[in-house]
>>> print(open('entry-v2.cif').read())   # mmCIF, C-alpha atoms and all ligand atoms
data_structure
loop_
_atom_site.label_atom_id
_atom_site.label_comp_id
_atom_site.auth_asym_id
_atom_site.auth_seq_id
_atom_site.Cartn_x
_atom_site.Cartn_y
_atom_site.Cartn_z
CA MET A 205 120.81 74.62 83.29
CA GLY A 206 117.83 74.44 85.57
CA ASP A 207 114.27 75.44 84.82
CA MET A 208 113.15 78.97 85.45
CA PRO A 209 109.78 80.43 86.45
CA ILE A 210 107.40 80.84 83.53
CA ILE A 211 105.65 84.07 82.59
CA ASP A 212 102.34 84.09 80.79
CA GLU A 213 102.63 87.21 78.68
CA ALA A 214 98.93 87.26 77.97
CA LYS A 215 98.16 87.63 81.67
CA CYS A 216 101.06 89.91 82.61
CA GLN A 217 100.07 93.55 83.17
CA ARG A 218 103.68 94.74 83.41
CA CYS A 219 103.24 96.11 86.92
CA GLY A 220 106.83 95.17 87.79
CA LEU A 221 106.06 93.81 91.27
CA CYS A 222 107.78 90.50 90.54
CA VAL A 223 110.89 92.29 89.28
CA SER A 224 110.99 94.44 92.40
CA ILE A 225 110.97 91.53 94.85
CA CYS A 226 113.16 88.96 93.10
CA VAL A 227 116.48 88.65 94.90
CA CYS A 228 118.33 86.74 92.18
CA GLY A 229 117.97 89.15 89.28
CA ALA A 230 116.27 86.58 87.06
CA LEU A 231 113.35 88.86 86.28
CA VAL A 232 113.91 92.03 84.30
CA MET A 233 111.69 94.60 82.67
CA GLU A 234 112.80 95.04 79.08
CA ASP A 235 110.96 96.90 76.33
CA ASN A 236 107.91 97.07 78.56
CA ALA A 237 107.79 93.31 79.06
CA VAL A 238 109.02 91.06 81.81
CA LYS A 239 111.76 88.69 80.74
CA VAL A 240 113.18 85.72 82.59
CA ILE A 241 116.93 85.27 82.37
CA GLN A 242 118.74 82.06 83.24
CA VAL A 243 120.59 82.69 86.47
CA GLU A 244 122.45 80.33 88.76
CA ASN A 245 121.00 81.46 92.03
CA CYS A 246 117.24 81.37 91.55
CA GLY A 247 116.45 79.16 94.54
CA TRP A 248 112.80 78.60 93.51
CA CYS A 249 111.61 80.68 96.44
CA THR A 250 108.33 81.09 94.44
CA MET A 251 107.88 84.61 95.78
CA CYS A 252 107.41 85.95 92.23
CA GLU A 253 104.44 83.62 91.80
CA LEU A 254 103.12 84.71 95.18
CA VAL A 255 103.28 88.47 94.60
CA CYS A 256 101.97 88.55 91.02
CA PRO A 257 98.47 90.05 91.21
CA ASN A 258 97.47 88.49 87.90
CA GLY A 259 98.57 84.91 88.23
CA ALA A 260 100.98 85.48 85.37
CA ILE A 261 104.01 83.72 86.84
CA SER A 262 104.22 80.08 87.66
CA CYS A 263 106.89 78.16 89.51
CA PRO A 264 105.81 74.57 88.95
CA PHE A 265 107.22 71.63 90.88
CA GLU A 266 108.05 68.32 89.37
CA ILE A 267 107.00 65.45 91.61
CA VAL A 268 109.20 62.36 91.57
CA VAL A 269 109.77 59.32 93.71
CA GLU A 270 113.23 58.81 95.07
CA THR A 271 114.77 55.92 93.24
CA THR A 272 118.01 55.28 95.07
CA ARG A 273 117.78 54.49 98.74
CA ASP A 274 120.59 53.95 101.14
CA MET B 18 103.36 115.51 106.06
CA ALA B 19 100.84 115.33 103.24
CA VAL B 20 101.13 113.13 100.17
CA ASN B 21 99.83 112.90 96.63
CA LEU B 22 96.04 113.40 96.69
CA ASP B 23 95.42 111.02 93.81
CA SER B 24 97.01 108.09 95.56
CA LEU B 25 95.01 108.93 98.67
CA LYS B 26 91.78 109.09 96.72
CA SER B 27 92.28 105.62 95.30
CA LEU B 28 92.43 104.01 98.76
CA PRO B 29 89.24 102.34 100.00
CA TYR B 30 89.61 104.25 103.28
CA PHE B 31 89.22 107.60 101.61
CA SER B 32 86.93 106.86 98.69
CA GLY B 33 83.90 109.05 98.17
CA LEU B 34 85.38 112.05 99.99
CA SER B 35 85.18 115.54 98.54
CA GLU B 36 88.34 117.32 97.51
CA SER B 37 88.21 119.61 100.56
CA VAL B 38 87.80 116.72 102.98
CA LEU B 39 90.65 114.88 101.26
CA LEU B 40 92.85 117.93 101.67
CA SER B 41 92.11 118.04 105.35
CA VAL B 42 92.70 114.28 105.79
CA ASN B 43 95.90 114.61 103.81
CA GLN B 44 97.42 116.83 106.47
CA HIS B 45 97.71 113.78 108.68
CA VAL B 46 99.13 111.43 106.07
CA PHE B 47 102.86 111.07 105.71
CA GLU B 48 105.11 109.25 103.30
CA LYS B 49 107.61 106.61 104.33
CA LYS B 50 110.12 104.86 102.14
CA ALA B 51 111.86 101.60 102.96
CA GLU B 52 114.40 99.31 101.41
CA ARG B 53 113.90 95.63 100.62
CA GLY B 54 114.03 93.56 103.79
CA GLU B 55 113.30 96.42 106.16
CA ILE B 56 110.91 95.52 108.98
CA LEU B 57 108.06 97.99 109.01
CA VAL B 58 105.98 96.65 111.87
CA PHE B 59 107.10 94.41 114.73
CA GLU B 60 104.75 91.77 116.07
CA GLY B 61 103.78 92.40 119.69
CA GLU B 62 104.58 96.08 119.76
CA PRO B 63 101.80 98.61 120.36
CA ALA B 64 100.07 99.38 117.06
CA GLU B 65 100.55 103.02 116.18
CA THR B 66 100.35 103.51 112.46
CA LEU B 67 98.08 102.35 109.66
CA TYR B 68 100.01 101.93 106.41
CA PHE B 69 99.00 101.95 102.77
CA VAL B 70 101.29 100.59 100.10
CA VAL B 71 101.81 103.07 97.28
CA ALA B 72 104.59 101.24 95.43
CA GLY B 73 106.31 97.90 95.96
CA VAL B 74 105.24 94.84 97.93
CA VAL B 75 104.98 94.18 101.67
CA LYS B 76 104.58 90.82 103.39
CA VAL B 77 102.74 90.33 106.66
CA PHE B 78 104.20 87.39 108.53
CA LYS B 79 104.77 85.67 111.82
CA THR B 80 107.89 83.89 112.91
CA SER B 81 107.54 80.65 114.83
CA ALA B 82 109.61 79.72 117.86
CA ASP B 83 112.00 77.75 115.65
CA GLY B 84 112.55 80.75 113.41
CA LYS B 85 110.36 79.70 110.49
CA GLU B 86 108.46 82.40 108.73
CA GLN B 87 104.82 82.07 107.80
CA ILE B 88 103.47 84.65 105.36
CA TYR B 89 99.85 85.60 105.97
CA ARG B 90 99.20 88.34 103.48
CA ILE B 91 100.88 90.01 100.54
CA ILE B 92 100.14 93.72 100.41
CA ARG B 93 100.28 95.26 96.96
CA PRO B 94 99.83 98.91 95.90
CA GLY B 95 96.43 100.20 97.04
CA ASP B 96 96.14 97.80 99.97
CA SER B 97 96.62 98.59 103.64
CA PHE B 98 98.06 96.72 106.58
CA ASN B 99 97.96 96.93 110.34
CA ASP B 100 94.30 98.03 110.22
CA VAL B 101 92.88 95.65 112.77
CA PRO B 102 95.25 96.35 115.68
CA ILE B 103 95.08 100.09 115.04
CA LEU B 104 91.32 100.09 115.35
CA ALA B 105 91.27 97.59 118.18
CA ASP B 106 93.69 99.55 120.33
CA GLY B 107 95.95 96.56 120.48
CA VAL B 108 99.43 95.40 119.65
CA ASN B 109 100.65 94.47 116.17
CA LEU B 110 99.31 90.97 115.49
CA ALA B 111 102.04 90.15 113.00
CA SER B 112 105.20 91.69 111.62
CA ALA B 113 105.46 93.37 108.24
CA ALA B 114 108.51 93.70 106.03
CA ALA B 115 109.27 95.25 102.66
CA MET B 116 109.78 92.61 99.94
CA SER B 117 111.09 95.25 97.55
CA ALA B 118 111.89 98.92 97.85
CA VAL B 119 108.56 100.38 98.97
CA VAL B 120 106.76 103.67 99.26
CA LEU B 121 104.13 103.79 101.97
CA ASN B 122 101.59 106.29 103.17
CA GLY B 123 100.96 106.22 106.87
CA ILE B 124 98.48 107.73 109.27
CA LYS B 125 98.84 107.62 113.04
CA LYS B 126 96.15 105.99 115.08
CA LYS B 127 95.11 109.16 116.90
CA ASP B 128 94.87 111.05 113.60
CA LEU B 129 92.74 108.34 112.00
CA GLU B 130 90.44 108.49 115.00
CA ALA B 131 90.17 112.26 114.77
CA VAL B 132 89.48 112.13 111.05
CA SER B 133 86.78 109.49 111.35
CA ARG B 134 85.10 111.44 114.14
CA GLU B 135 85.01 114.50 111.96
CA TYR B 136 84.02 112.82 108.70
CA PRO B 137 81.50 109.98 109.08
CA GLN B 138 82.18 108.83 105.50
CA VAL B 139 85.66 107.78 106.65
CA ALA B 140 84.12 105.78 109.50
CA LEU B 141 81.80 104.06 107.00
CA ASN B 142 84.74 103.28 104.76
CA ILE B 143 86.60 101.78 107.71
CA ILE B 144 83.65 99.51 108.40
CA LYS B 145 83.74 98.33 104.77
CA VAL B 146 87.46 97.63 104.88
CA LEU B 147 87.10 95.70 108.12
CA SER B 148 84.20 93.68 106.76
CA LEU B 149 86.38 92.57 103.88
CA ARG B 150 89.09 91.59 106.33
CA VAL B 151 86.58 89.53 108.29
CA GLU B 152 85.55 87.77 105.11
CA GLU B 153 89.17 86.94 104.35
CA LEU B 154 89.65 85.63 107.85
CA VAL B 155 86.56 83.47 107.70
CA SER B 156 87.85 81.76 104.58
CA LEU B 157 91.21 81.23 106.29
CA VAL B 158 89.52 79.78 109.35
CA GLU B 159 87.58 77.37 107.17
CA ASP B 160 90.98 76.14 106.08
CA PHE B 161 92.47 75.95 109.43
CA SER B 162 92.20 72.31 110.05
CA PHE B 163 95.75 72.17 108.87
CA ARG B 164 96.01 68.39 109.01
CA ARG B 165 93.20 68.14 106.51
CA VAL B 166 95.03 70.41 104.07
CA SER B 167 98.34 68.53 104.54
CA GLY B 168 96.53 65.27 103.92
CA ARG B 169 95.12 66.54 100.65
CA VAL B 170 98.46 67.93 99.55
CA ALA B 171 99.96 64.51 100.27
CA LYS B 172 97.25 62.89 98.17
CA ILE B 173 97.88 65.24 95.25
CA LEU B 174 101.59 64.50 95.38
CA LEU B 175 100.92 60.78 95.26
CA GLU B 176 98.50 61.18 92.36
CA HIS B 177 100.81 63.35 90.30
CA THR B 178 104.06 61.52 90.60
CA GLY B 179 106.07 61.24 87.42
CA ASN B 180 107.26 57.77 86.51
CA GLY B 181 110.65 58.98 85.36
CA GLY B 182 109.90 58.92 81.66
CA GLY B 183 107.94 61.00 79.20
CA GLU B 184 106.12 64.15 80.06
CA ARG B 185 106.32 64.71 83.79
CA PRO B 186 103.45 66.37 85.55
CA ARG B 187 104.39 69.72 87.00
CA LEU B 188 102.22 71.62 89.43
CA THR B 189 102.46 75.04 91.05
CA GLN B 190 101.48 75.74 94.64
CA GLN B 191 98.72 77.90 93.18
CA GLU B 192 97.32 74.98 91.21
CA MET B 193 97.47 72.63 94.18
CA ALA B 194 95.71 75.24 96.31
CA ALA B 195 92.98 75.53 93.71
CA MET B 196 92.60 71.73 93.56
CA ILE B 197 92.17 71.57 97.31
CA GLY B 198 90.17 74.77 97.67
CA THR B 199 92.61 76.35 100.05
CA ALA B 200 94.93 79.35 100.16
CA ARG B 201 98.28 79.07 98.41
CA GLU B 202 100.06 79.85 101.68
CA MET B 203 98.58 76.70 103.20
CA VAL B 204 100.18 74.59 100.48
CA GLY B 205 103.62 76.04 101.22
CA ARG B 206 103.08 75.31 104.86
CA SER B 207 102.06 71.75 104.09
CA PHE B 208 105.23 71.24 102.06
CA ARG B 209 107.30 72.23 105.07
CA SER B 210 105.40 69.99 107.41
CA LEU B 211 105.62 67.01 105.01
CA GLU B 212 109.33 67.67 104.76
CA GLU B 213 109.67 67.74 108.53
CA GLU B 214 107.81 64.46 108.82
CA GLY B 215 110.29 62.88 106.44
CA ALA B 216 107.82 62.16 103.66
CA ILE B 217 109.27 64.44 101.01
CA ARG B 218 112.36 66.45 100.24
CA ILE B 219 112.32 69.63 98.19
CA GLU B 220 115.22 70.31 95.89
CA ARG B 221 114.61 73.60 94.18
CA ASN B 222 111.75 72.82 91.75
CA ARG B 223 111.54 69.10 92.46
CA ILE B 224 109.49 67.49 95.13
CA ILE B 225 111.05 64.16 95.86
CA ILE B 226 108.93 61.60 97.64
CA VAL B 227 111.39 59.95 99.98
CA ASN B 228 108.95 57.88 101.98
CA GLN B 229 105.76 56.78 100.28
CA GLU B 230 104.50 54.98 103.35
CA ILE B 231 104.56 58.09 105.51
CA LEU B 232 103.02 60.13 102.71
CA LYS B 233 100.21 57.61 102.25
CA LYS B 234 99.53 57.61 105.94
CA ILE B 235 99.27 61.40 105.99
CA ALA B 236 97.02 61.24 102.93
CA GLY B 237 94.78 58.81 104.78
CA ILE B 238 95.37 56.06 102.26
CA THR B 239 95.55 52.67 103.88
CA GLY B 240 96.69 49.35 102.59
S1 LIG C 1 111.62 81.89 92.29
FE1 LIG C 1 112.45 83.51 93.64
S2 LIG C 1 114.56 83.75 92.99
FE2 LIG C 1 113.52 82.61 91.33
S3 LIG C 1 112.82 84.16 89.88
FE3 LIG C 1 111.13 83.86 91.34
S4 LIG C 1 111.46 85.41 92.95
FE4 LIG C 1 113.38 85.24 91.78
S1 LIG C 2 103.98 90.70 88.89
FE1 LIG C 2 102.85 89.55 87.34
S2 LIG C 2 101.71 91.11 86.17
FE2 LIG C 2 103.29 92.21 87.36
S3 LIG C 2 105.03 92.34 85.93
FE3 LIG C 2 105.34 90.46 87.12
S4 LIG C 2 104.40 88.83 85.88
FE4 LIG C 2 103.64 90.78 85.09
#
>>> encode(input="entry-v2.cif", output="structure tokens")
Amino acid sequence: MGDMPIIDEAKCQRCGLCVSICVCGALVMEDNAVKVIQVENCGWCTMCELVCPNGAISCPFEIVVETTRD
Amino acid sequence: MAVNLDSLKSLPYFSGLSESVLLSVNQHVFEKKAERGEILVFEGEPAETLYFVVAGVVKVFKTSADGKEQIYRIIRPGDSFNDVPILADGVNLASAAAMSAVVLNGIKKKDLEAVSREYPQVALNIIKVLSLRVEELVSLVEDFSFRRVSGRVAKILLEHTGNGGGERPRLTQQEMAAMIGTAREMVGRSFRSLEEEGAIRIERNRIIIVNQEILKKIAGITG
């Protein structure tokens, strides 16, 4: 399975904004904490990172050089 | 008409007002709810309402001729949007859409004018809000030599390329923005432009450098 956005629980203020905007259902508020669930259709839109007021979510990119060329 | 006084009080526009003034202002404020994806303000239309976000998130964006969306601001609870065109008597400078279900408070232009004529504290608050907006814009303008930002993004990509083995470097748009000293939105825009120029390809959370030569050229690295 693919990577998922990462939540820094120490920074998260549980405001729920990320949960409210995510279209894929990967982010859920459970027991007053935001959890990330593995879902197929998180397209790495990075909107959760963008809306978080506390910099608590990160959607990092891996940078690689294409190896096969045709 | 009329909304929760506490949420009104917490807005920069109405801070420092007495309870009685707030009550009178509140007569002009109305609540609006919208679903995710709903367009709240259309670019180019006459600006009529100033909105405050009470709950949820709103994006302010423009759409280019080829249909690509560029987000300018993210409006979270407590922030307002559409201020500048309302006060400038103009048209909406950008569109705004709900990114989640949202609750907004709105005040019509003519009512805001009436209120600020009656209560000078509101006029002073407006000046403060606008000054902050100007500050934001100045920092955006400083960034606006877009080619410069793209070039630095290209350089970062070249410097942080994984070699296929071991721990691969991973960077967020936020981190790249901080490295360059630019706004995060500018990094996203650079990605798209580098993709269009055929230097990179983005596959979900992987940035694949497909043409190092082009990328080096954009980064200003010669030889
Ligand atoms: S990247 Fe987009 S789709 Fe994935 S969790 Fe964040 S908001 Fe949801
Ligand atoms: S937006 Fe940020 S602070 Fe708010 S719940 Fe999500 S991760 Fe936590």
>>> interface_residues(input="entry-v2.cif", of="chain A", to="chain B", cutoff="9 Å", atoms="all atoms listed in the file", output="PyMOL selection string")
chain A and resi 206-208+220-227+246-250+253-255+257+259+262-271+273
>>> atom_distance(input="entry-v2.cif", atom1="atom CA of B:Ala114", atom2="atom CA of B:Asp100")
15.4 Å
>>> residues_near_ligand(input="entry-v2.cif", ligand="ligand LIG 2 (chain C)", cutoff="6 Å", atoms="only C-alpha atoms and all ligand atoms", output="list of chain:residue names")
A:Ile211, A:Cys216, A:Gln217, A:Arg218, A:Cys219, A:Gly220, A:Leu221, A:Cys222, A:Val238, A:Cys256, A:Pro257, A:Asn258, A:Ala260, A:Ile261
>>> atom_distance(input="entry-v2.cif", atom1="atom FE1 of ligand LIG 1 (chain C)", atom2="atom CA of B:Glu212")
19.6 Å
>>> closest_residue(input="entry-v2.cif", among="B:Leu67, B:Ala171, B:Ser35, B:Glu214", to="B:Ile238", atoms="all atoms listed in the file")
B:Ala171
>>> residues_near_point(input="entry-v2.cif", point="(87.4, 118.1, 103.1)", cutoff="12 Å", atoms="only C-alpha atoms", output="PyMOL selection string")
chain B and resi 22+26+31+33-44+132-133+135-139
>>> atom_distance(input="entry-v2.cif", atom1="atom FE3 of ligand LIG 1 (chain C)", atom2="atom CA of A:Met233")
13.8 Å
>>> residues_around(input="entry-v2.cif", residues="B:Leu147", least_positions_apart="5", cutoff="10 Å", atoms="all atoms listed in the file", output="compact mmCIF listing (two decimals) with C-alpha atoms, keeping the file's coordinate frame")
# COMPACT_ATOMS: atom_id res chain seq x y z
CA ASP B 100 94.30 98.03 110.22
CA VAL B 101 92.88 95.65 112.77
CA LEU B 104 91.32 100.09 115.35
CA LEU B 141 81.80 104.06 107.00
CA ASN B 142 84.74 103.28 104.76
CA GLU B 152 85.55 87.77 105.11
CA GLU B 153 89.17 86.94 104.35
>>> residues_around(input="entry-v2.cif", residues="A:Ile241", least_positions_apart="5", cutoff="9 Å", atoms="all atoms listed in the file", output="list in words")
Met208, Gly229, Ala230, Leu231 and Val232 of chain A
>>> closest_residue(input="entry-v2.cif", among="A:Ala214, A:Ala237, A:Cys252, A:Val243", to="ligand LIG 1 (chain C)", atoms="all atoms listed in the file")
A:Cys252
>>> build_atoms(input="entry-v2.cif", residues="stretch 230-250 of chain A", atoms="N, CA and C atoms", output="short mmCIF file (atom, residue, chain, number, x, y, z; two decimals), keeping the file's coordinate frame")
data_model
loop_
_atom_site.label_atom_id
_atom_site.label_comp_id
_atom_site.auth_asym_id
_atom_site.auth_seq_id
_atom_site.Cartn_x
_atom_site.Cartn_y
_atom_site.Cartn_z
N ALA A 230 116.70 87.37 88.22
CA ALA A 230 116.27 86.58 87.06
C ALA A 230 115.17 87.29 86.28
N LEU A 231 114.47 88.20 86.94
CA LEU A 231 113.35 88.86 86.28
C LEU A 231 113.74 90.29 85.95
N VAL A 232 113.57 90.65 84.70
CA VAL A 232 113.91 92.03 84.30
C VAL A 232 112.81 92.60 83.43
N MET A 233 112.66 93.91 83.52
CA MET A 233 111.69 94.60 82.67
C MET A 233 112.46 95.13 81.47
N GLU A 234 112.08 94.65 80.30
CA GLU A 234 112.80 95.04 79.08
C GLU A 234 111.78 95.35 78.01
N ASP A 235 111.91 96.50 77.38
CA ASP A 235 110.96 96.90 76.33
C ASP A 235 109.53 96.70 76.80
N ASN A 236 109.26 97.15 78.01
CA ASN A 236 107.91 97.07 78.56
C ASN A 236 107.36 95.64 78.60
N ALA A 237 108.24 94.69 78.86
CA ALA A 237 107.79 93.31 79.06
C ALA A 237 108.72 92.66 80.07
N VAL A 238 108.17 91.73 80.84
CA VAL A 238 109.02 91.06 81.81
C VAL A 238 109.70 89.86 81.16
N LYS A 239 111.01 89.81 81.31
CA LYS A 239 111.76 88.69 80.74
C LYS A 239 112.38 87.87 81.88
N VAL A 240 112.51 86.59 81.63
CA VAL A 240 113.18 85.72 82.59
C VAL A 240 114.55 85.37 82.04
N ILE A 241 115.58 85.62 82.82
CA ILE A 241 116.93 85.27 82.37
C ILE A 241 117.38 84.05 83.18
N GLN A 242 118.14 83.20 82.54
CA GLN A 242 118.74 82.06 83.24
C GLN A 242 119.77 82.58 84.23
N VAL A 243 119.55 82.33 85.50
CA VAL A 243 120.59 82.69 86.47
C VAL A 243 120.86 81.48 87.36
N GLU A 244 122.04 81.46 87.91
CA GLU A 244 122.45 80.33 88.76
C GLU A 244 121.66 80.29 90.06
N ASN A 245 121.44 81.48 90.63
CA ASN A 245 121.00 81.46 92.03
C ASN A 245 119.52 81.68 92.26
N CYS A 246 118.68 81.39 91.26
CA CYS A 246 117.24 81.37 91.55
C CYS A 246 116.98 80.12 92.37
N GLY A 247 116.62 80.31 93.65
CA GLY A 247 116.45 79.16 94.54
C GLY A 247 115.03 78.63 94.55
N TRP A 248 114.21 79.05 93.57
CA TRP A 248 112.80 78.60 93.51
C TRP A 248 112.08 78.98 94.80
N CYS A 249 112.29 80.23 95.22
CA CYS A 249 111.61 80.68 96.44
C CYS A 249 110.11 80.86 96.18
N THR A 250 109.71 80.94 94.93
CA THR A 250 108.33 81.09 94.44
C THR A 250 107.65 82.39 94.88
#
